[in-house]
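Student: Following this line is structure_17.txt, made up of compact mmCIF, C-alpha atoms:
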```
# COMPACT_ATOMS: atom_id res chain seq x y z
CA MET A 20 0.00 0.00 0.00
CA ARG A 21 2.85 2.31 0.87
CA THR A 22 4.43 1.49 -2.47
CA GLY A 23 1.19 2.49 -4.18
CA LEU A 24 1.19 5.76 -2.31
CA ILE A 25 4.73 6.46 -3.47
CA ALA A 26 3.81 5.63 -7.06
CA LEU A 27 0.87 8.05 -6.87
CA THR A 28 3.08 10.72 -5.34
CA VAL A 29 5.69 10.35 -8.02
CA ALA A 30 3.06 10.43 -10.76
CA ALA A 31 1.55 13.59 -9.27
CA CYS A 32 4.98 15.21 -9.05
CA VAL A 33 5.83 14.49 -12.65
CA ALA A 34 2.45 15.78 -13.87
CA SER A 35 2.61 19.02 -11.93
CA PHE A 36 6.25 19.70 -12.74
CA ALA A 37 5.42 20.24 -16.38
CA ALA A 38 2.57 22.60 -15.50
CA ASN A 39 4.57 24.95 -13.34
CA ALA A 40 7.69 26.89 -14.24
CA ASP A 41 8.56 28.11 -10.73
CA PRO A 42 11.14 25.41 -9.99
CA LYS A 43 13.19 26.76 -12.90
CA LYS A 44 13.78 29.93 -10.88
CA ASP A 45 15.40 27.96 -8.07
CA PRO A 46 19.02 29.00 -7.49
CA VAL A 47 20.00 25.39 -6.85
CA ASP A 48 18.62 22.01 -7.89
CA PHE A 49 18.65 19.22 -5.32
CA THR A 50 16.92 16.73 -7.59
CA GLY A 51 18.50 13.29 -7.38
CA VAL A 52 19.28 10.38 -5.12
CA TRP A 53 21.48 11.20 -2.15
CA TRP A 54 23.32 8.77 0.11
CA PRO A 55 24.57 9.77 3.58
CA ALA A 56 28.34 10.15 3.60
CA ARG A 57 30.16 7.59 5.68
CA GLY A 58 30.60 8.30 9.36
CA THR A 59 27.61 10.55 9.76
CA ALA A 60 25.10 8.20 11.41
CA ASP A 61 24.38 10.06 14.68
CA PHE A 62 23.97 13.79 15.26
CA LYS A 63 27.24 15.15 16.61
CA PRO A 64 28.28 16.77 18.86
CA ASP A 65 26.05 15.54 21.70
CA PRO A 66 23.41 18.06 22.86
CA VAL A 67 23.46 20.36 25.87
CA LEU A 68 20.37 19.30 27.79
CA THR A 69 18.11 20.68 30.48
CA PRO A 70 18.56 18.98 33.89
CA GLU A 71 15.45 16.82 33.45
CA ALA A 72 16.45 15.79 29.93
CA GLN A 73 19.96 15.06 31.16
CA LYS A 74 18.51 12.46 33.55
CA THR A 75 16.81 10.72 30.63
CA TRP A 76 20.03 10.84 28.60
CA ASP A 77 22.08 9.40 31.49
CA GLN A 78 19.55 6.63 32.07
CA VAL A 79 19.27 5.62 28.42
CA ARG A 80 22.99 5.90 27.71
CA SER A 81 23.94 3.88 30.79
CA SER A 82 21.42 1.26 29.76
CA MET A 83 22.90 1.20 26.24
CA ALA A 84 26.39 0.80 27.67
CA LYS A 85 25.14 -2.43 29.24
CA GLY A 86 23.68 -3.52 25.93
CA VAL A 87 20.09 -3.00 26.99
CA VAL A 88 17.95 -0.80 24.78
CA PRO A 89 14.29 -1.51 25.52
CA GLU A 90 13.51 2.14 24.85
CA ASP A 91 14.46 2.07 21.17
CA SER A 92 11.04 2.19 19.57
CA THR A 93 12.44 1.72 16.05
CA ALA A 94 13.10 -1.91 17.00
CA ALA A 95 9.32 -2.26 17.35
CA CYS A 96 8.89 -0.72 13.88
CA VAL A 97 7.82 2.69 15.19
CA PRO A 98 9.00 5.22 12.60
CA PRO A 99 12.12 7.08 13.71
CA GLY A 100 10.38 10.36 12.81
CA THR A 101 12.14 13.54 11.82
CA PRO A 102 14.87 14.53 12.73
CA ARG A 103 16.09 10.95 13.46
CA LEU A 104 15.04 9.91 9.97
CA MET A 105 17.91 12.05 8.69
CA THR A 106 20.39 9.82 10.53
CA ARG A 107 19.37 6.62 8.71
CA VAL A 108 22.04 5.19 6.47
CA TYR A 109 19.81 4.77 3.42
CA PRO A 110 19.39 6.78 0.23
CA ILE A 111 16.89 9.63 -0.19
CA GLN A 112 15.39 10.73 -3.49
CA TRP A 113 14.60 14.44 -3.81
CA ILE A 114 11.93 15.33 -6.38
CA ARG A 115 10.95 18.92 -7.16
CA TYR A 116 7.32 19.61 -7.97
CA ASP A 117 5.33 22.83 -8.17
CA LYS A 118 4.71 23.14 -4.43
CA GLY A 119 8.22 22.23 -3.33
CA TYR A 120 10.28 19.13 -2.78
CA VAL A 121 9.17 15.65 -1.83
CA LEU A 122 11.77 13.41 -0.25
CA ILE A 123 11.37 9.69 -0.68
CA HIS A 124 13.44 7.96 1.96
CA GLU A 125 14.35 4.37 1.30
CA TYR A 126 14.25 3.81 5.06
CA GLU A 127 10.77 2.40 5.63
CA ASN A 128 9.81 4.29 2.45
CA MET A 129 9.10 7.37 4.55
CA LEU A 130 8.11 10.64 2.85
CA ARG A 131 8.76 14.29 3.70
CA TRP A 132 7.29 17.27 1.88
CA PHE A 133 9.02 20.66 1.91
CA TYR A 134 6.37 23.22 0.91
CA MET A 135 7.95 26.14 -0.97
CA ASP A 136 4.82 27.91 -2.22
CA GLY A 137 4.92 30.60 0.43
CA ARG A 138 2.47 29.05 2.84
CA LYS A 139 2.91 29.18 6.58
CA ALA A 140 2.85 26.07 8.73
CA PRO A 141 -0.43 25.50 10.57
CA THR A 142 -0.50 26.41 14.24
CA GLY A 143 -2.43 25.36 17.33
CA ASP A 144 -5.00 22.63 16.82
CA ASP A 145 -4.52 22.84 13.04
CA LEU A 146 -0.99 21.53 13.37
CA LEU A 147 -1.59 17.80 13.45
CA PRO A 148 1.21 15.80 15.08
CA THR A 149 2.99 13.52 12.63
CA PHE A 150 6.21 11.52 12.75
CA ASN A 151 7.89 13.71 10.14
CA GLY A 152 6.11 16.95 11.04
CA TYR A 153 5.06 19.78 8.75
CA SER A 154 7.82 21.44 6.74
CA VAL A 155 7.83 24.80 4.96
CA ALA A 156 10.88 25.94 3.05
CA HIS A 157 12.30 29.05 1.43
CA TRP A 158 15.51 30.14 -0.28
CA GLU A 159 18.16 32.23 1.41
CA ASP A 160 20.61 32.87 -1.42
CA ASP A 161 21.65 29.40 -2.52
CA ALA A 162 20.55 27.68 0.71
CA LEU A 163 17.20 25.95 1.07
CA VAL A 164 15.95 26.64 4.59
CA VAL A 165 13.40 24.14 5.85
CA GLU A 166 11.45 24.69 9.06
CA THR A 167 9.68 21.73 10.63
CA THR A 168 7.15 21.66 13.46
CA GLY A 169 4.28 19.42 14.53
CA LEU A 170 6.47 16.45 15.42
CA LYS A 171 4.81 13.53 17.13
CA PRO A 172 6.44 12.57 20.43
CA GLN A 173 4.98 9.09 20.81
CA SER A 174 3.49 6.36 18.69
CA ASP A 175 -0.24 5.80 19.10
CA SER A 176 0.70 2.76 21.17
CA GLY A 177 2.63 5.02 23.56
CA LEU A 178 6.23 4.29 22.54
CA GLN A 179 8.64 7.23 22.73
CA VAL A 180 10.06 8.78 19.57
CA TRP A 181 13.67 9.99 19.90
CA ILE A 182 15.78 12.62 18.16
CA GLN A 183 18.61 10.30 19.03
CA MET A 184 18.62 7.62 21.71
CA GLY A 185 18.38 9.52 25.01
CA VAL A 186 16.89 12.75 23.62
CA LYS A 187 13.11 12.75 23.40
CA VAL A 188 11.00 14.35 20.71
CA THR A 189 8.44 16.66 22.33
CA PRO A 190 5.63 18.76 20.81
CA GLN A 191 7.84 21.85 21.33
CA LEU A 192 10.63 20.60 19.11
CA LYS A 193 11.44 22.83 16.15
CA LEU A 194 13.90 21.86 13.45
CA VAL A 195 15.54 24.22 10.99
CA GLU A 196 17.56 22.63 8.20
CA ARG A 197 19.82 24.58 5.84
CA TYR A 198 20.65 22.61 2.70
CA ARG A 199 23.48 23.63 0.37
CA LEU A 200 25.16 21.95 -2.57
CA GLY A 201 28.86 21.20 -2.33
CA PRO A 202 31.46 21.64 -5.07
CA GLU A 203 30.17 20.66 -8.53
CA GLY A 204 26.88 19.54 -7.00
CA LYS A 205 28.28 16.13 -6.06
CA THR A 206 27.62 16.58 -2.36
CA MET A 207 24.90 18.18 -0.31
CA GLU A 208 25.47 19.51 3.16
CA VAL A 209 22.77 20.19 5.73
CA GLN A 210 23.08 22.05 8.98
CA LEU A 211 20.35 21.02 11.40
CA THR A 212 19.40 23.30 14.27
CA MET A 213 17.05 21.84 16.85
CA THR A 214 15.40 23.90 19.56
CA ASP A 215 13.15 22.74 22.38
CA PRO A 216 12.85 24.70 25.66
CA ASP A 217 11.85 21.55 27.56
CA ILE A 218 14.77 19.39 26.46
CA LEU A 219 17.59 21.43 24.96
CA ALA A 220 19.43 23.97 27.16
CA LYS A 221 20.74 25.56 23.97
CA PRO A 222 20.09 24.95 20.28
CA TRP A 223 21.50 21.63 19.11
CA VAL A 224 23.40 22.17 15.88
CA ALA A 225 24.56 19.21 13.82
CA LYS A 226 25.83 18.79 10.29
CA LYS A 227 25.36 16.01 7.77
CA VAL A 228 26.77 15.41 4.34
CA PHE A 229 25.13 13.45 1.53
CA GLU A 230 26.68 12.24 -1.72
CA LEU A 231 24.90 12.27 -5.08
CA ARG A 232 24.43 8.71 -6.39
CA PRO A 233 22.90 8.94 -9.87
CA ASN A 234 22.89 5.16 -10.32
CA VAL A 235 21.05 4.34 -7.12
CA GLU A 236 17.32 3.75 -7.27
CA ILE A 237 15.07 3.69 -4.22
CA MET A 238 13.87 0.22 -3.26
CA GLU A 239 10.89 -0.95 -1.25
CA PHE A 240 11.66 -1.23 2.45
CA THR A 241 9.13 -2.11 5.11
CA CYS A 242 9.20 -2.69 8.83
CA LEU A 243 6.18 -4.69 9.94
CA PRO A 244 5.98 -5.74 13.58
CA ASP A 245 4.74 -9.24 12.78
CA GLU A 246 7.72 -9.77 10.48
CA ASN A 247 10.24 -8.41 12.92
CA VAL A 248 12.16 -11.36 14.26
CA VAL A 249 13.55 -9.74 17.36
CA THR A 250 11.82 -7.98 20.22
CA TYR A 251 13.43 -6.05 23.01
CA LYS A 252 11.42 -6.47 26.18
CA ALA A 253 10.91 -3.86 28.89
CA ASP A 254 13.19 -5.77 31.28
CA GLY A 255 16.00 -5.41 28.77
CA SER A 256 16.04 -9.00 27.59
CA THR A 257 16.12 -9.90 23.94
CA THR A 258 13.79 -12.49 22.50
CA PHE A 259 13.69 -13.98 19.06
CA LYS A 260 10.53 -15.13 17.42
CA ASP A 261 10.49 -18.89 16.80
CA LEU A 262 12.14 -19.41 13.47
CA GLN A 263 10.49 -21.33 10.67
CA GLN A 264 11.61 -24.78 9.66
CA PRO A 265 13.81 -24.82 6.59
CA LYS A 266 11.86 -25.83 3.50
CA MET B 5 16.10 -28.14 22.34
CA LYS B 6 12.98 -26.57 20.92
CA ASN B 7 13.40 -25.53 17.33
CA GLY B 8 14.67 -22.02 16.99
CA GLN B 9 14.79 -21.40 20.68
CA VAL B 10 17.55 -19.13 21.79
CA ARG B 11 19.18 -20.48 24.88
CA ASN B 12 21.85 -19.28 27.13
CA GLY B 13 25.08 -20.14 25.43
CA THR B 14 27.56 -18.63 27.86
CA THR B 15 29.48 -21.86 28.31
CA LEU B 16 29.31 -22.52 24.60
CA VAL B 17 30.67 -19.07 23.88
CA ALA B 18 33.52 -19.86 26.21
CA ALA B 19 34.06 -23.15 24.39
CA LEU B 20 34.13 -21.41 21.07
CA LEU B 21 36.80 -19.16 19.83
CA VAL B 22 36.23 -15.80 21.44
CA MET B 23 38.60 -13.13 20.32
CA ALA B 24 38.90 -9.62 21.60
CA LEU B 25 39.22 -8.01 18.23
CA ALA B 26 38.65 -4.31 17.93
CA PHE B 27 35.91 -3.85 15.39
CA LEU B 28 35.25 -0.14 15.79
CA GLY B 29 31.62 -0.65 14.97
CA GLY B 30 32.09 -1.34 11.31
CA SER B 31 28.62 -2.67 10.75
CA THR B 32 26.57 -0.42 13.02
CA ALA B 33 26.10 2.12 10.28
CA SER B 34 23.54 -0.06 8.57
CA ALA B 35 21.64 -1.00 11.72
CA HIS B 36 17.92 -0.33 11.76
CA HIS B 37 17.85 0.11 15.52
CA SER B 38 20.41 0.65 18.24
CA ALA B 39 23.07 -2.05 18.08
CA ALA B 40 24.00 -1.67 21.74
CA MET B 41 22.93 -5.20 22.58
CA PHE B 42 25.85 -6.50 20.52
CA ASP B 43 29.39 -6.41 21.87
CA GLN B 44 31.34 -5.12 18.92
CA THR B 45 34.63 -5.39 20.78
CA LYS B 46 34.32 -9.18 20.62
CA SER B 47 34.18 -11.66 17.80
CA VAL B 48 32.76 -15.16 18.00
CA LYS B 49 33.52 -17.62 15.23
CA LEU B 50 30.70 -20.06 14.54
CA GLU B 51 31.45 -23.18 12.53
CA GLY B 52 28.27 -24.98 11.60
CA THR B 53 25.49 -25.58 9.14
CA VAL B 54 22.98 -23.08 7.84
CA LYS B 55 19.56 -23.86 9.19
CA GLN B 56 17.82 -20.90 7.61
CA PHE B 57 18.50 -17.63 5.83
CA GLN B 58 15.54 -15.30 6.24
CA TRP B 59 15.43 -12.58 3.58
CA THR B 60 13.14 -10.34 5.63
CA ASN B 61 12.67 -6.66 6.39
CA PRO B 62 13.91 -4.73 8.19
CA HIS B 63 16.68 -7.25 8.91
CA THR B 64 17.80 -10.47 7.32
CA TRP B 65 18.56 -13.36 9.65
CA LEU B 66 20.91 -16.28 9.45
CA THR B 67 20.36 -19.28 11.70
CA VAL B 68 23.39 -21.49 12.09
CA THR B 69 23.36 -24.85 13.87
CA VAL B 70 26.58 -25.35 15.78
CA GLN B 71 27.76 -28.46 17.59
CA ASP B 72 30.41 -27.98 20.23
CA GLU B 73 33.08 -30.47 21.27
CA GLY B 74 30.81 -31.86 23.96
CA GLY B 75 28.15 -32.67 21.39
CA LEU B 76 25.76 -29.92 22.47
CA VAL B 77 23.84 -28.60 19.46
CA VAL B 78 22.73 -24.99 19.57
CA ASP B 79 21.04 -22.76 17.01
CA TRP B 80 22.64 -19.33 16.73
CA SER B 81 20.54 -16.40 15.48
CA VAL B 82 22.61 -13.91 13.53
CA GLU B 83 21.12 -10.52 12.75
CA MET B 84 22.12 -8.98 9.44
CA THR B 85 21.35 -5.77 7.62
CA SER B 86 18.35 -5.14 5.35
CA PRO B 87 17.64 -7.08 2.14
CA ASN B 88 18.10 -3.87 0.12
CA LEU B 89 21.63 -3.18 1.31
CA LEU B 90 22.57 -6.83 0.80
CA ALA B 91 21.00 -6.90 -2.67
CA ARG B 92 22.98 -3.83 -3.75
CA ALA B 93 26.15 -5.65 -2.66
CA GLY B 94 25.28 -8.66 -4.80
CA TRP B 95 23.58 -10.91 -2.25
CA ARG B 96 20.42 -12.78 -3.22
CA PRO B 97 17.85 -14.68 -1.13
CA ASN B 98 19.54 -17.95 -2.12
CA THR B 99 23.14 -16.81 -1.59
CA VAL B 100 23.10 -18.86 1.60
CA LYS B 101 20.99 -22.03 1.67
CA PRO B 102 19.89 -24.44 4.39
CA GLY B 103 22.43 -27.22 4.69
CA ASP B 104 25.39 -25.09 3.60
CA LYS B 105 28.50 -25.57 5.71
CA ILE B 106 29.46 -22.12 6.90
CA THR B 107 31.87 -20.25 9.14
CA VAL B 108 30.41 -17.02 10.48
CA ASN B 109 32.09 -14.26 12.45
CA ILE B 110 29.69 -12.36 14.67
CA SER B 111 29.66 -9.70 17.34
CA PRO B 112 27.91 -11.63 20.12
CA LEU B 113 24.93 -10.53 22.18
CA ARG B 114 26.15 -9.06 25.45
CA ASP B 115 23.67 -11.09 27.50
CA GLY B 116 25.34 -14.36 26.48
CA SER B 117 22.40 -15.67 24.45
CA SER B 118 23.30 -17.63 21.35
CA GLY B 119 22.94 -14.75 18.95
CA GLY B 120 24.84 -11.88 17.48
CA GLN B 121 25.40 -9.41 14.71
CA PHE B 122 26.86 -10.55 11.39
CA VAL B 123 30.39 -9.50 10.48
CA SER B 124 31.45 -11.89 7.74
CA ALA B 125 31.11 -15.50 6.61
CA THR B 126 32.97 -18.07 4.56
CA LEU B 127 31.18 -20.83 2.67
CA ALA B 128 32.59 -24.30 2.07
CA ASP B 129 33.41 -23.40 -1.55
CA GLY B 130 35.62 -20.54 -0.36
CA ARG B 131 33.31 -17.62 -1.11
CA VAL B 132 33.64 -14.86 1.46
CA LEU B 133 30.45 -13.00 2.29
CA LYS B 134 30.50 -9.48 3.63
CA TYR B 135 28.13 -6.53 3.66
CA GLU B 136 30.36 -4.85 1.10
CA GLY B 137 30.06 -7.73 -1.33
CA ILE B 138 30.86 -11.34 -2.10
CA THR B 139 34.41 -12.43 -2.86
CA PRO B 140 34.60 -15.43 -5.20
CA ALA B 141 36.45 -18.51 -4.08
CA PRO B 142 40.14 -18.42 -4.96
CA GLY B 143 40.77 -19.70 -8.49
CA THR B 144 37.23 -19.16 -9.70
CA SER B 145 35.76 -16.44 -11.82
CA TYR B 146 32.20 -15.28 -12.10
```
Transcribe the structure of this file into structure tokens.
Tutor:
Amino acid sequence: MRTGLIALTVAACVASFAANADPKKDPVDFTGVWWPARGTADFKPDPVLTPEAQKTWDQVRSSMAKGVVPEDSTAACVPPGTPRLMTRVYPIQWIRYDKGYVLIHEYENMLRWFYMDGRKAPTGDDLLPTFNGYSVAHWEDDALVVETTGLKPQSDSGLQVWIQMGVKVTPQLKLVERYRLGPEGKTMEVQLTMTDPDILAKPWVAKKVFELRPNVEIMEFTCLPDENVVTYKADGSTTFKDLQQPK
Amino acid sequence: MKNGQVRNGTTLVAALLVMALAFLGGSTASAHHSAAMFDQTKSVKLEGTVKQFQWTNPHTWLTVTVQDEGGLVVDWSVEMTSPNLLARAGWRPNTVKPGDKITVNISPLRDGSSGGQFVSATLADGRVLKYEGITPAPGTSY
């Protein structure tokens, strides 16, 4: 079903691209498939946290040091959500259409839309919480500045969504991304600035680099709980689903 | 032992070749979730027979049946990266088949269970399997 949604999205993008000339005025073109550069998995440096958030960090990190990570909701197939989605080591296809960019992430075939048609993000009750939030974007010289709000802190089943293990997503989180092309357009660099008065004592600024991979095509990738072989229980133990008999 | 059951293999781990190799987290980059449950400072070498290779999302799984010197037979569950990343490196769902004799290097689970994270494997015909790709057996060409 998700594949069908992507196919529809792509079809809609292609159709509307031809009908609108605005993208041609863009100072920079990010169209293409981008792969995270090696060594950029986590957001670095570590954040400066509020005292309460520091307790969560200490607890989660000390648990991870012992090899116990029951809190990692991605193991239960909860989407990582934005910003953590940007730390996944999978390719992302950027497609420009009349309203902005759509990003097709190979990781769980997640989608992000960057609206560049001048709209403002909804506020209050109109801002519906979603794993990847609501993103509006504009140009500042040759940088595409993307502002994201409306991020969903928990799955509907109550599992925590993390910016990075130990740093919670809250409804107050705001993400600003500044995308720029590198030399000859072969790389793309993004500076991410995260602010959240509840969690971050000062803005958390991280940088990531992506490499253009013209020969890579996005593949289907799902995470379905009933197909996930491993579960991490609340007591920290690891259990494996009974494996099938060889055929 | 119940089929597929993961049992405490602490003594078996001790009986197997446990080396304190420094891996520097070479395979964590492709992990779907935190890989903290695996001890990437250690390597366990499993010599056994493939019971199953599950080409499943978000992780592929290799089950290897290992018999130790005392005759104890244990199934080891080895977590691997996603089918997509393997496919791009040349792996296919039948690259490893039930019944294949195999030697697998893993980063073991910290809790001592008979499981771990895949590092590399060698098949009986000499092919070396890694995330980066498959090396043909010496003297062969594909």
Student: Quick one: residues within 8 Å of range 80-83 of chain A, only C-alpha atoms, excluding same-chain residues fewer than 4 positions away - as an MDAnalysis selection string?
Tutor: (chainID A and resid 76 87:88 184:185) or (chainID B and resid 40:41)
Student: Would you list the contacts of range 69-82 of chain B as a ChimeraX atom specification, taking every protein, DNA or RNA residue within 7 Å and counting only C-alpha atoms, but skipping same-chain residues closer than 6 positions in sequence?
Tutor: /B:8,10,50-55,118-122
Student: Identify which of the residues B:Leu90, B:Lys101, B:Ile106, B:Leu113 lies closest to Glu136 in chain B, counting only C-alpha atoms when measuring atom-to-atom distances.
Tutor: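 Counting only C-alpha atoms, the residue closest to Glu136 in chain B is B:Leu90.
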Student: Taking into account all atoms listed in the file, which residue in the set A:Thr142, A:Thr106, A:Val195, A:Trp113 is nearest to Tyr126 in chain A?
Tutor: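 Of the candidates, the smallest distance to Tyr126 in chain A is held by A:Thr106.
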Student: Could you tell me how far CA of Thr99 in chain B sits from CA of Asp129 in chain B, in Å to one decimal place?
Tutor: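 Answer for the CA of Asp129 in chain B to CA of Thr99 in chain B separation: 12.2 Å.
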Student: As a PDB file with C-alpha atoms, in the coordinates of the input, please: the residues near range 235-239 of chain A (cut-off 10 Å, all atoms listed in the file, same-chain neighbours under 5 positions excluded).
Tutor:
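Full text of result.pdb as output:
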```
ATOM      1  CA  ARG A  21       2.850   2.310   0.870  1.00  0.00           C
ATOM      2  CA  THR A  22       4.430   1.490  -2.470  1.00  0.00           C
ATOM      3  CA  ILE A  25       4.730   6.460  -3.470  1.00  0.00           C
ATOM      4  CA  GLY A  51      18.500  13.290  -7.380  1.00  0.00           C
ATOM      5  CA  VAL A  52      19.280  10.380  -5.120  1.00  0.00           C
ATOM      6  CA  TRP A  53      21.480  11.200  -2.150  1.00  0.00           C
ATOM      7  CA  TRP A  54      23.320   8.770   0.110  1.00  0.00           C
ATOM      8  CA  TYR A 109      19.810   4.770   3.420  1.00  0.00           C
ATOM      9  CA  PRO A 110      19.390   6.780   0.230  1.00  0.00           C
ATOM     10  CA  ILE A 111      16.890   9.630  -0.190  1.00  0.00           C
ATOM     11  CA  GLN A 112      15.390  10.730  -3.490  1.00  0.00           C
ATOM     12  CA  ILE A 123      11.370   9.690  -0.680  1.00  0.00           C
ATOM     13  CA  HIS A 124      13.440   7.960   1.960  1.00  0.00           C
ATOM     14  CA  GLU A 125      14.350   4.370   1.300  1.00  0.00           C
ATOM     15  CA  TYR A 126      14.250   3.810   5.060  1.00  0.00           C
ATOM     16  CA  GLU A 127      10.770   2.400   5.630  1.00  0.00           C
ATOM     17  CA  ASN A 128       9.810   4.290   2.450  1.00  0.00           C
TER      18      ASN A 128
ATOM     19  CA  ASN B  61      12.670  -6.660   6.390  1.00  0.00           C
ATOM     20  CA  PRO B  87      17.640  -7.080   2.140  1.00  0.00           C
ATOM     21  CA  ASN B  88      18.100  -3.870   0.120  1.00  0.00           C
ATOM     22  CA  LEU B  89      21.630  -3.180   1.310  1.00  0.00           C
ATOM     23  CA  ARG B  92      22.980  -3.830  -3.750  1.00  0.00           C
TER      24      ARG B  92
END
```
Student: Please compute the CA of Thr45 in chain B-CA of Gly94 in chain B distance, one decimal, in Å.
Tutor: 27.4 Å
Student: Determine the nearest neighbour of Ala39 in chain B from the options B:Phe57, B:Thr139, B:Pro112, B:Ala91, counting all atoms listed in the file.
Tutor: B:Pro112
Student: Provide the CA of Arg103 in chain A to CA of Asp65 in chain A distance in Å, to one decimal place.
Tutor: 13.7 Å
Student: Would you give the centre and edge lengths, in Å to one decimal, of a box along x, y and z around the listed atoms of range 121-132 of chain B, with 3 Å added to each side, as lines of an AutoDock Vina configuration file?
Tutor:
```
center_x = 30.5
center_y = -16.9
center_z = 6.6
size_x = 16.2
size_y = 20.9
size_z = 22.3
```
Student: With distances taken over only C-alpha atoms, which residue among B:Gly143, B:Thr126, B:Val132, B:Glu83 lies nearest Thr67 in chain B?
Tutor: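 Smallest distance to Thr67 in chain B is found for B:Glu83.
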Student: Of the candidates A:Lys227, A:Arg138, A:Pro233, A:Pro216, which one gets nearest to Glu71 in chain A if we count only C-alpha atoms?
Tutor: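 Checking each candidate against Glu71 in chain A, we get A:Pro216 as the closest.
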Student: Using all atoms listed in the file, pick whichever of A:Lys74, A:Arg57, A:Lys205, A:Arg199 has the shortest atom-to-atom distance to chain B.
Tutor: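 Nearest candidate to chain B out of A:Lys74, A:Arg57, A:Lys205, A:Arg199: A:Arg57.
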Student: Near Pro141 in chain A, within 9 Å and counting all atoms listed in the file, which residues show up once chain neighbours fewer than 5 positions away are dropped, as a short mmCIF file (atom, residue, chain, number, x, y, z; two decimals) with C-alpha atoms, in the coordinates of the input?
Tutor:
```cif
data_model
loop_
_atom_site.label_atom_id
_atom_site.label_comp_id
_atom_site.auth_asym_id
_atom_site.auth_seq_id
_atom_site.Cartn_x
_atom_site.Cartn_y
_atom_site.Cartn_z
CA LEU A 146 -0.99 21.53 13.37
CA LEU A 147 -1.59 17.80 13.45
CA TYR A 153 5.06 19.78 8.75
CA THR A 168 7.15 21.66 13.46
CA GLY A 169 4.28 19.42 14.53
#
```
